[in-house]
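Enquirer: start.cif (mmCIF, C-alpha atoms and all ligand atoms) pasted underneath:
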```
data_final
loop_
_atom_site.label_atom_id
_atom_site.label_comp_id
_atom_site.auth_asym_id
_atom_site.auth_seq_id
_atom_site.Cartn_x
_atom_site.Cartn_y
_atom_site.Cartn_z
CA MET A 147 -43.28 2.40 21.52
CA LYS A 148 -41.90 -0.99 20.63
CA LYS A 149 -44.97 -1.64 18.45
CA ILE A 150 -44.44 1.66 16.59
CA ILE A 151 -40.79 0.84 15.92
CA THR A 152 -41.77 -2.60 14.60
CA PHE A 153 -44.42 -1.02 12.35
CA VAL A 154 -41.96 1.53 10.99
CA ALA A 155 -39.37 -1.19 10.41
CA ILE A 156 -41.88 -3.31 8.47
CA ALA A 157 -43.05 -0.28 6.45
CA LEU A 158 -39.45 0.62 5.56
CA ALA A 159 -38.77 -2.98 4.61
CA ILE A 160 -41.78 -2.98 2.24
CA ILE A 161 -40.77 0.35 0.69
CA SER A 162 -37.15 -0.71 0.14
CA CYS A 163 -38.37 -3.99 -1.31
CA LYS A 164 -40.57 -2.09 -3.80
CA GLU A 165 -37.66 0.18 -4.68
CA ALA A 166 -35.47 -2.86 -5.22
CA THR A 167 -38.06 -4.28 -7.63
CA VAL A 168 -38.27 -0.98 -9.54
CA ASN A 169 -34.46 -0.74 -9.68
CA LYS A 170 -34.20 -4.30 -10.93
CA GLN A 171 -36.68 -3.58 -13.72
CA ALA A 172 -34.75 -0.44 -14.67
CA GLN A 173 -31.51 -2.41 -14.77
CA GLU A 174 -33.06 -5.07 -16.98
CA GLU A 175 -34.30 -2.40 -19.36
CA VAL A 176 -30.79 -0.97 -19.57
CA LYS A 177 -29.35 -4.44 -20.16
CA THR A 178 -31.63 -5.22 -23.14
CA PRO A 179 -31.84 -2.12 -25.35
CA ALA A 180 -34.07 -2.21 -28.43
CA LYS A 181 -32.42 -3.93 -31.38
CA PRO A 182 -31.16 -1.55 -34.09
CA ALA A 183 -33.52 -1.22 -37.06
CA VAL A 184 -31.64 -3.56 -39.42
CA ALA A 185 -33.33 -4.65 -42.65
CA LEU A 186 -32.26 -7.39 -45.08
CA TYR A 187 -33.15 -7.03 -48.78
CA THR A 188 -32.81 -10.07 -51.06
CA PHE A 189 -32.17 -9.80 -54.81
CA ASP A 190 -32.05 -12.19 -57.75
CA GLY A 191 -28.48 -12.08 -59.10
CA GLY A 192 -29.17 -14.72 -61.73
CA SER A 193 -29.55 -18.45 -62.20
CA VAL A 194 -26.99 -21.24 -62.31
CA GLY A 195 -27.98 -24.48 -64.01
CA ALA A 196 -25.71 -27.08 -62.40
CA ASN A 197 -25.66 -29.60 -65.26
CA ASN A 198 -23.21 -31.87 -63.45
CA LEU A 199 -24.35 -31.80 -59.82
CA ASN A 200 -21.65 -34.28 -58.88
CA LEU A 201 -19.16 -31.38 -58.85
CA PHE A 202 -20.76 -30.47 -55.51
CA ALA A 203 -19.44 -33.64 -53.83
CA GLN A 204 -16.15 -35.46 -53.26
CA GLY A 205 -17.39 -38.82 -54.55
CA ASP A 206 -20.34 -39.94 -56.65
CA THR A 207 -23.03 -38.57 -54.34
CA TYR A 208 -24.89 -36.73 -57.11
CA LYS A 209 -23.73 -38.67 -60.18
CA GLY A 210 -25.98 -38.09 -63.18
CA GLU A 211 -28.01 -35.41 -61.37
CA SER A 212 -28.57 -31.77 -62.27
CA LYS A 213 -30.20 -28.91 -60.40
CA GLU A 214 -31.28 -25.33 -61.01
CA LEU A 215 -29.66 -23.00 -58.47
CA ILE A 216 -30.35 -19.35 -57.70
CA ASP A 217 -27.60 -16.74 -57.33
CA ALA A 218 -28.87 -14.32 -54.66
CA PHE A 219 -27.26 -11.17 -53.33
CA TYR A 220 -28.29 -8.96 -50.42
CA VAL A 221 -28.37 -5.43 -49.05
CA ILE A 222 -28.26 -4.90 -45.29
CA LYS A 223 -29.52 -1.49 -44.19
CA HIS A 224 -28.39 -0.46 -40.71
CA PRO A 225 -28.94 2.95 -39.04
CA LYS A 226 -25.18 3.53 -39.36
CA GLY A 227 -24.75 2.49 -43.00
CA VAL A 228 -25.38 0.07 -45.84
CA LEU A 229 -23.61 -3.23 -46.56
CA LEU A 230 -23.80 -5.02 -49.93
CA TRP A 231 -23.26 -8.79 -49.54
CA ASP A 232 -22.28 -10.40 -52.90
CA THR A 233 -23.31 -9.03 -56.30
CA GLY A 234 -24.52 -11.98 -58.39
CA LEU A 235 -23.46 -13.16 -61.85
CA PRO A 236 -21.68 -11.06 -64.51
CA GLU A 237 -23.88 -8.28 -65.88
CA GLY A 238 -22.79 -9.07 -69.44
CA LEU A 239 -25.41 -11.84 -69.25
CA VAL A 240 -28.30 -9.35 -68.95
CA GLY A 241 -30.40 -9.35 -72.12
CA GLN A 242 -28.53 -12.40 -73.51
CA ASP A 243 -29.55 -16.03 -73.96
CA PRO A 244 -28.37 -18.32 -71.14
CA TYR A 245 -24.65 -19.08 -71.46
CA THR A 246 -23.24 -22.60 -71.06
CA THR A 247 -19.60 -22.92 -70.02
CA PRO A 248 -17.33 -24.73 -72.54
CA ASP A 249 -17.15 -27.84 -70.33
CA GLY A 250 -20.96 -27.94 -70.19
CA ALA A 251 -20.98 -27.95 -66.38
CA PHE A 252 -22.93 -24.73 -65.84
CA THR A 253 -25.60 -22.74 -67.69
CA ILE A 254 -25.85 -19.19 -66.36
CA SER A 255 -28.16 -16.23 -66.90
CA ARG A 256 -29.01 -12.90 -65.30
CA LYS A 257 -32.16 -10.83 -65.78
CA ASP A 258 -31.25 -7.34 -64.56
CA SER A 259 -28.36 -5.03 -63.64
CA ILE A 260 -27.47 -4.24 -60.06
CA VAL A 261 -27.97 -0.49 -60.54
CA ASN A 262 -31.58 -1.11 -61.64
CA GLN A 263 -32.11 -3.54 -58.79
CA LEU A 264 -30.76 -1.19 -56.10
CA ALA A 265 -33.01 1.57 -57.48
CA THR A 266 -36.05 -0.52 -56.47
CA ILE A 267 -35.16 0.18 -52.82
CA GLY A 268 -34.14 3.79 -53.49
CA LEU A 269 -30.37 3.21 -53.41
CA LYS A 270 -27.74 4.63 -55.71
CA LYS A 271 -24.47 2.73 -55.95
CA GLU A 272 -22.69 5.55 -54.06
CA ALA A 273 -24.92 4.77 -51.05
CA ILE A 274 -23.19 1.42 -50.51
CA ASP A 275 -20.76 2.09 -47.63
CA TYR A 276 -19.37 -1.44 -47.44
CA ILE A 277 -19.09 -4.27 -49.93
CA ALA A 278 -18.24 -7.83 -48.88
CA PHE A 279 -18.33 -11.10 -50.78
CA SER A 280 -18.92 -14.44 -49.16
CA HIS A 281 -16.01 -15.28 -51.48
CA ILE A 282 -14.64 -14.16 -54.81
CA HIS A 283 -15.93 -16.89 -57.16
CA PHE A 284 -17.16 -15.25 -60.37
CA ASP A 285 -20.85 -15.82 -59.56
CA HIS A 286 -20.51 -13.57 -56.48
CA THR A 287 -18.38 -10.73 -57.91
CA GLY A 288 -20.22 -10.25 -61.22
CA ALA A 289 -21.34 -6.66 -60.63
CA ALA A 290 -18.65 -5.58 -58.15
CA ASN A 291 -16.86 -2.90 -60.17
CA HIS A 292 -19.73 -0.42 -59.72
CA PHE A 293 -18.69 0.00 -56.10
CA ALA A 294 -15.24 1.54 -56.35
CA THR A 295 -16.05 4.08 -53.62
CA SER A 296 -17.28 1.44 -51.15
CA LYS A 297 -15.02 -0.08 -48.52
CA TRP A 298 -14.25 -3.70 -49.44
CA LEU A 299 -14.25 -5.95 -46.37
CA VAL A 300 -12.14 -9.00 -47.26
CA GLN A 301 -10.23 -11.63 -45.30
CA THR A 302 -6.45 -11.31 -45.71
CA PRO A 303 -6.01 -14.83 -47.25
CA GLU A 304 -8.77 -14.08 -49.80
CA TYR A 305 -7.13 -10.77 -50.73
CA ALA A 306 -3.72 -12.46 -51.02
CA PHE A 307 -5.24 -15.05 -53.36
CA ALA A 308 -7.06 -12.35 -55.35
CA THR A 309 -3.83 -10.44 -55.94
CA GLY A 310 -1.52 -13.46 -56.32
CA GLU A 311 -0.51 -15.84 -59.12
CA ASP A 312 -2.79 -18.81 -58.40
CA ILE A 313 -5.97 -16.99 -59.44
CA LYS A 314 -4.71 -16.48 -62.99
CA GLY A 315 -6.33 -18.85 -65.47
CA ASN A 316 -8.65 -20.40 -62.85
CA GLY A 317 -12.14 -20.47 -64.40
CA PHE A 318 -13.90 -20.09 -61.04
CA TYR A 319 -12.59 -16.55 -60.70
CA ALA A 320 -12.95 -13.36 -62.76
CA PRO A 321 -10.45 -10.90 -61.23
CA ASP A 322 -11.40 -8.25 -63.81
CA SER A 323 -14.90 -8.16 -62.29
CA PHE A 324 -13.63 -6.67 -59.00
CA ASN A 325 -10.38 -4.92 -59.91
CA ALA A 326 -11.94 -1.47 -59.38
CA LEU A 327 -12.22 -2.14 -55.64
CA THR A 328 -9.21 -0.33 -54.18
CA ASN A 329 -10.67 0.92 -50.88
CA VAL A 330 -9.69 -2.28 -49.09
CA MET A 331 -10.09 -3.21 -45.43
CA GLN A 332 -8.38 -6.54 -44.80
CA LEU A 333 -9.87 -8.69 -42.03
CA SER A 334 -8.19 -11.34 -39.94
CA GLY A 335 -11.21 -13.23 -38.64
CA ASP A 336 -14.69 -12.19 -37.54
CA HIS A 337 -15.70 -8.55 -38.01
CA ASP A 338 -18.53 -6.61 -36.33
CA VAL A 339 -19.46 -4.31 -39.24
CA PHE A 340 -21.38 -1.61 -37.34
CA GLY A 341 -19.91 -2.17 -33.87
CA ASP A 342 -23.13 -3.20 -32.10
CA GLY A 343 -23.17 -6.96 -32.73
CA SER A 344 -26.11 -6.82 -35.15
CA VAL A 345 -24.16 -7.53 -38.39
CA ILE A 346 -21.11 -9.77 -38.09
CA ILE A 347 -18.91 -11.22 -40.82
CA LYS A 348 -17.78 -14.70 -39.71
CA SER A 349 -14.55 -16.07 -41.13
CA MET A 350 -15.10 -19.64 -42.37
CA PRO A 351 -12.36 -20.53 -44.89
CA GLY A 352 -12.29 -23.68 -46.99
CA HIS A 353 -14.52 -23.12 -50.01
CA THR A 354 -11.98 -20.40 -50.88
CA PRO A 355 -8.95 -19.21 -48.83
CA GLY A 356 -10.99 -16.47 -47.14
CA HIS A 357 -14.60 -17.62 -47.43
CA GLN A 358 -16.94 -15.92 -44.96
CA VAL A 359 -20.60 -16.03 -43.90
CA LEU A 360 -22.85 -13.26 -42.59
CA TYR A 361 -24.70 -13.16 -39.26
CA ILE A 362 -27.51 -10.61 -38.94
CA ASP A 363 -29.60 -10.11 -35.81
CA LEU A 364 -32.88 -8.86 -37.27
CA PRO A 365 -35.51 -7.16 -35.06
CA GLU A 366 -38.30 -9.58 -36.04
CA ASN A 367 -36.72 -12.54 -37.84
CA GLY A 368 -34.08 -12.75 -35.11
CA PRO A 369 -30.67 -14.37 -35.56
CA THR A 370 -30.18 -14.93 -39.29
CA LEU A 371 -27.30 -16.54 -41.19
CA LEU A 372 -26.44 -16.16 -44.88
CA SER A 373 -24.31 -19.21 -45.58
CA GLY A 374 -22.27 -18.00 -48.55
CA ASP A 375 -21.15 -21.18 -50.32
CA MET A 376 -20.72 -23.21 -47.13
CA TYR A 377 -23.45 -25.23 -48.84
CA HIS A 378 -24.97 -24.84 -52.31
CA PHE A 379 -28.32 -26.55 -51.67
CA GLN A 380 -30.17 -28.27 -48.83
CA GLU A 381 -28.89 -31.81 -49.52
CA ASN A 382 -25.33 -30.43 -49.25
CA ARG A 383 -26.10 -29.29 -45.71
CA ASP A 384 -28.02 -32.42 -44.72
CA GLY A 385 -25.11 -34.67 -45.70
CA LYS A 386 -22.30 -32.19 -44.85
CA VAL A 387 -21.06 -32.72 -48.42
CA VAL A 388 -18.00 -30.77 -49.63
CA PRO A 389 -17.72 -29.85 -53.33
CA VAL A 390 -14.77 -31.29 -55.23
CA PHE A 391 -13.74 -27.78 -56.33
CA ASN A 392 -13.32 -26.37 -52.80
CA HIS A 393 -9.96 -24.77 -52.07
CA ASP A 394 -9.19 -26.89 -48.97
CA LEU A 395 -11.05 -30.03 -47.87
CA GLU A 396 -9.91 -30.09 -44.22
CA GLN A 397 -10.60 -26.37 -43.75
CA SER A 398 -14.04 -26.95 -45.32
CA LYS A 399 -14.87 -29.70 -42.83
CA THR A 400 -13.77 -27.48 -39.92
CA ALA A 401 -15.82 -24.60 -41.32
CA ILE A 402 -18.93 -26.80 -41.54
CA ALA A 403 -18.49 -27.84 -37.88
CA ASN A 404 -17.97 -24.21 -36.80
CA PHE A 405 -20.92 -23.00 -38.86
CA GLU A 406 -23.32 -25.58 -37.43
CA ALA A 407 -22.12 -24.95 -33.85
CA PHE A 408 -22.58 -21.18 -34.29
CA ALA A 409 -26.02 -21.58 -35.91
CA LYS A 410 -27.12 -23.82 -33.02
CA ALA A 411 -25.72 -21.52 -30.31
CA LYS A 412 -27.58 -18.55 -31.83
CA ASN A 413 -30.65 -20.58 -32.77
CA ALA A 414 -30.25 -18.85 -36.14
CA THR A 415 -32.40 -19.21 -39.25
CA VAL A 416 -30.02 -20.32 -42.02
CA TYR A 417 -30.48 -19.27 -45.65
CA ILE A 418 -28.41 -21.18 -48.22
CA GLN A 419 -27.70 -18.53 -50.82
CA HIS A 420 -27.87 -20.79 -53.92
CA GLU A 421 -30.89 -22.82 -52.67
CA PRO A 422 -34.06 -21.83 -54.57
CA ALA A 423 -36.27 -23.06 -51.70
CA ASP A 424 -34.52 -20.71 -49.25
CA PHE A 425 -34.72 -17.81 -51.72
CA ALA A 426 -38.48 -18.47 -51.95
CA LYS A 427 -38.79 -18.18 -48.16
CA MET A 428 -37.49 -14.60 -48.18
CA PRO A 429 -39.39 -11.50 -49.27
CA VAL A 430 -37.88 -10.26 -52.52
CA ALA A 431 -36.87 -6.59 -52.70
CA PRO A 432 -38.32 -3.99 -52.48
CA LYS A 433 -39.83 -5.86 -49.53
CA ALA A 434 -37.42 -6.37 -46.65
CA LEU A 435 -36.90 -9.09 -44.09
CA ASN A 436 -36.92 -7.27 -40.75
ZN ZN B 1 -18.40 -20.55 -54.71
#
```
Would you write the structure of this file as structure tokens?
Expert:
Amino acid sequence: MKKIITFVAIALAIISCKEATVNKQAQEEVKTPAKPAVALYTFDGGSVGANNLNLFAQGDTYKGESKELIDAFYVIKHPKGVLLWDTGLPEGLVGQDPYTTPDGAFTISRKDSIVNQLATIGLKKEAIDYIAFSHIHFDHTGAANHFATSKWLVQTPEYAFATGEDIKGNGFYAPDSFNALTNVMQLSGDHDVFGDGSVIIKSMPGHTPGHQVLYIDLPENGPTLLSGDMYHFQENRDGKVVPVFNHDLEQSKTAIANFEAFAKAKNATVYIQHEPADFAKMPVAPKALN
């Protein structure tokens, strides 16, 4: 009898152990649901010839240098909606010769309109649920006024600057390029756009009063960061160099530290939006980065 009881006890122990293993697997499956089908589309919003690269430093780091920069913008498709991140250079440039600013610092051009570009991935402008700019410098808001029905996600200090006195007469801004955006959602810090952690606007002021970057957790590419104008090209990031035209130097330094800490913690792939080499690493729409 004792032997039978021992046998039954061992058998029960084995069964419960197996059940525990099965339960553990089930729990793990619940804990790590499949990532939402987010796709990132990259577009050419024009070119910026930086004829005086030294503007992108505080001292004489790039004295006498020039560099051709890209002006990318992006569409993020999520099962719950569509986010447009930046819009490129002014559309008045399309079909024109490259334009050089009166001070000679920049030569800008744009090949195509945003409506044509969105059509290549089957989107009409009304399909854009949310619009957000890394910041409101003119080379990011150029085609914004098409999206009057979209919800504009903007940090409160950026919106205050956009609607205040200091923006007037400042050549880095073109308030008329985004004055049709009246469906405003002001943000005070980071914002989880679709509520599942896959697309997060990160507040990183300094370049402008409400500069922000975009974190996207893509199903295949994994954690991905669009850097806005945290940096303008790779050497900027390597040397943690702050442009002389940034809104606030100390805020910019803090933002760089926060950005690098976040990128490291997430093991994120960083794309510098104005860096041609990073643009070349991404599939260009209609192909998506998944
Ligand atoms: Zn900028």
Enquirer: Report as an MDAnalysis selection string all protein, DNA and RNA residues lying within 7 Å of segment 249-262 of chain A, evaluated on all atoms listed in the file, omitting residues in the same chain fewer than 3 positions from it.
Expert: chainID A and resid 191:198 235 237 239:241 244:246 265:266 271 289
Enquirer: Return the single residue from A:Ile346, A:Val387, A:Ala401, A:Ala431 that is closest to Pro369 of chain A, with distances computed using only C-alpha atoms.
Expert: A:Ile346
Enquirer: Quick one: residues within 12 Å of segment 308-312 of chain A, all atoms listed in the file counted, chain neighbours fewer than 4 positions away excluded, as JSON, numbers by chain?
Expert: {"A": [281, 282, 283, 284, 287, 300, 301, 302, 303, 304, 316, 317, 318, 319, 320, 321, 322, 323, 324, 325, 327, 328, 354, 355, 356, 393]}
Enquirer: Could you check the closest approach to Asn436 of chain A for each of A:Thr370, A:Leu230, A:Pro248, A:Ala407 and tell me which residue wins, using all atoms listed in the file?
Expert: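 So, comparing all the options, the nearest one is A:Thr370.
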Enquirer: For atom CA of Tyr208 of chain A and atom CA of Asp375 of chain A, quote the distance in Å rounded to one decimal.
Expert: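 Result for atom CA of Tyr208 of chain A versus atom CA of Asp375 of chain A: 17.4 Å, one decimal.
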